[in-house]
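Here the structure comes first, spelled out in structure tokens, and everything after it is commentary.
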Amino acid sequence: MSFRMKVYRVKGEVLVAVCDSDIVGKIFREGELKIEVKESFYGTEEYGEEEVKRVLRNATIANITGKKAVELAIKIGIIDKNRVLRIGECLHAQMVVM
């Protein structure tokens, strides 16, 4: 299982963008909702599950896209399974530490 991941550090926040590697470049739609899984946002490097878990646990903000990525975030307890958005066939969730 591989993921794309990019970490942004802005004004003391650690924003982690992570997605399933196999959906990079795809567009998903559901009614008025649309999500583009862009390499420029999610990054070009491939990461394994353990590295993604480690980085997500240190995130203050996370943008998580794709079935495997969202399920991993649920598994480690940073996303509530009842708060996941489905856009077409794509799962998407966001997290903010307050």
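Convention: chains lettered A, B, ... in structure tokens order; per-chain residue numbering from 1; ligands numbered from 1 as shown.
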**Message:** So that I can check the surroundings of range 17-31 of chain A, please list as an MDAnalysis selection string every protein, DNA and RNA residue that reaches within 6 Å of it, counting only C-alpha atoms and ignoring chain neighbours fewer than 3 positions away.
**Reply:** chainID A and resid 2:6 34:38 42 62:66 69 87:88
**Request:** List every residue of range 14-91 of chain A that DSSP, applied to the backbone of this structure, places in strand (DSSP E), and write the result as number ranges by chain.
**Result:** A: 14-20, 27-30, 33-36, 46-47, 61-65, 85-87, 90-91
Would you save the residues of that selection, restricted to N, CA and C atoms, as a compact mmCIF listing (two decimals), in the first residue's frame?
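Done, and the output landed in again-v3.txt:
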```txt
# COMPACT_ATOMS: atom_id res chain seq x y z
N VAL A 14 1.28 22.40 11.20
CA VAL A 14 1.83 21.34 10.35
C VAL A 14 0.65 20.75 9.58
N LEU A 15 0.54 21.14 8.31
CA LEU A 15 -0.52 20.65 7.45
C LEU A 15 0.01 19.46 6.67
N VAL A 16 -0.68 18.34 6.76
CA VAL A 16 -0.29 17.13 6.04
C VAL A 16 -1.36 16.84 4.99
N ALA A 17 -0.93 16.73 3.74
CA ALA A 17 -1.80 16.33 2.64
C ALA A 17 -1.39 14.92 2.26
N VAL A 18 -2.33 13.98 2.34
CA VAL A 18 -2.02 12.58 2.02
C VAL A 18 -3.16 11.99 1.19
N CYS A 19 -2.79 11.16 0.22
CA CYS A 19 -3.79 10.49 -0.60
C CYS A 19 -3.27 9.13 -1.04
N ASP A 20 -4.18 8.30 -1.53
CA ASP A 20 -3.81 7.03 -2.14
C ASP A 20 -3.01 7.34 -3.41
N ILE A 27 -10.09 13.17 -11.07
CA ILE A 27 -11.11 14.12 -10.63
C ILE A 27 -12.35 13.32 -10.24
N PHE A 28 -12.93 13.65 -9.10
CA PHE A 28 -14.13 12.98 -8.61
C PHE A 28 -15.23 14.02 -8.44
N ARG A 29 -16.47 13.62 -8.77
CA ARG A 29 -17.62 14.54 -8.66
C ARG A 29 -18.79 13.83 -7.99
N GLU A 30 -19.54 14.61 -7.24
CA GLU A 30 -20.78 14.15 -6.61
C GLU A 30 -21.68 15.37 -6.50
N LEU A 33 -20.28 18.88 -5.69
CA LEU A 33 -18.93 18.70 -5.13
C LEU A 33 -17.97 18.14 -6.18
N LYS A 34 -16.74 18.60 -6.11
CA LYS A 34 -15.70 18.14 -7.02
C LYS A 34 -14.37 18.17 -6.27
N ILE A 35 -13.56 17.13 -6.45
CA ILE A 35 -12.22 17.14 -5.88
C ILE A 35 -11.25 16.68 -6.95
N GLU A 36 -10.19 17.45 -7.12
CA GLU A 36 -9.09 17.10 -8.03
C GLU A 36 -7.92 16.66 -7.17
N GLU A 46 6.49 8.70 -2.90
CA GLU A 46 5.69 7.60 -2.39
C GLU A 46 6.11 7.29 -0.94
N TYR A 47 5.13 7.01 -0.10
CA TYR A 47 5.39 6.67 1.29
C TYR A 47 4.60 5.43 1.68
N ILE A 61 -3.16 19.97 11.11
CA ILE A 61 -4.19 20.05 10.08
C ILE A 61 -3.89 18.91 9.10
N ALA A 62 -4.93 18.20 8.65
CA ALA A 62 -4.69 17.15 7.67
C ALA A 62 -5.79 17.16 6.61
N ASN A 63 -5.38 16.91 5.39
CA ASN A 63 -6.27 16.78 4.25
C ASN A 63 -6.02 15.37 3.73
N ILE A 64 -7.02 14.50 3.83
CA ILE A 64 -6.83 13.07 3.58
C ILE A 64 -7.82 12.62 2.50
N THR A 65 -7.29 12.05 1.42
CA THR A 65 -8.11 11.70 0.28
C THR A 65 -7.81 10.29 -0.21
N LEU A 85 -16.50 12.34 4.09
CA LEU A 85 -17.25 12.79 2.92
C LEU A 85 -16.97 11.85 1.76
N ARG A 86 -17.99 11.52 1.00
CA ARG A 86 -17.82 10.71 -0.21
C ARG A 86 -18.12 11.62 -1.40
N ILE A 87 -17.14 11.75 -2.26
CA ILE A 87 -17.30 12.54 -3.48
C ILE A 87 -17.14 11.56 -4.64
N CYS A 90 -14.71 8.58 -4.27
CA CYS A 90 -13.55 8.98 -3.47
C CYS A 90 -13.95 9.39 -2.05
N LEU A 91 -13.27 8.83 -1.06
CA LEU A 91 -13.47 9.26 0.32
C LEU A 91 -12.54 10.44 0.61
```
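Ranking A:Glu45, A:Asn58, A:Glu32, A:Met1 by their shortest atom-to-atom distance to Leu72 in chain A, with only C-alpha atoms included, puts A:Met1 first.
CA of Met95 in chain A is found 10.0 Å from CA of Arg83 in chain A.
You will find CA of Lys68 in chain A at 13.1 Å from CA of Glu50 in chain A.
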Pick out the residues sitting within 9 Å of Lys81 in chain A, and hand them over as a PDB file with N, CA and C atoms, in the first residue's frame; count only C-alpha atoms, and ignore anything fewer than 4 positions along from it in its own chain.
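Here's the written file selection26.pdb:
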```
ATOM      1  N   VAL A  70      -7.979   7.428   4.042  1.00  0.00           N
ATOM      2  CA  VAL A  70      -9.010   7.749   5.034  1.00  0.00           C
ATOM      3  C   VAL A  70      -9.157   6.606   6.036  1.00  0.00           C
ATOM      4  N   GLU A  71      -9.161   5.365   5.551  1.00  0.00           N
ATOM      5  CA  GLU A  71      -9.266   4.227   6.471  1.00  0.00           C
ATOM      6  C   GLU A  71      -8.081   4.168   7.439  1.00  0.00           C
ATOM      7  N   ILE A  74      -8.670   6.791  10.111  1.00  0.00           N
ATOM      8  CA  ILE A  74      -9.684   6.303  11.055  1.00  0.00           C
ATOM      9  C   ILE A  74      -9.035   5.305  12.013  1.00  0.00           C
TER      10      ILE A  74
END
```
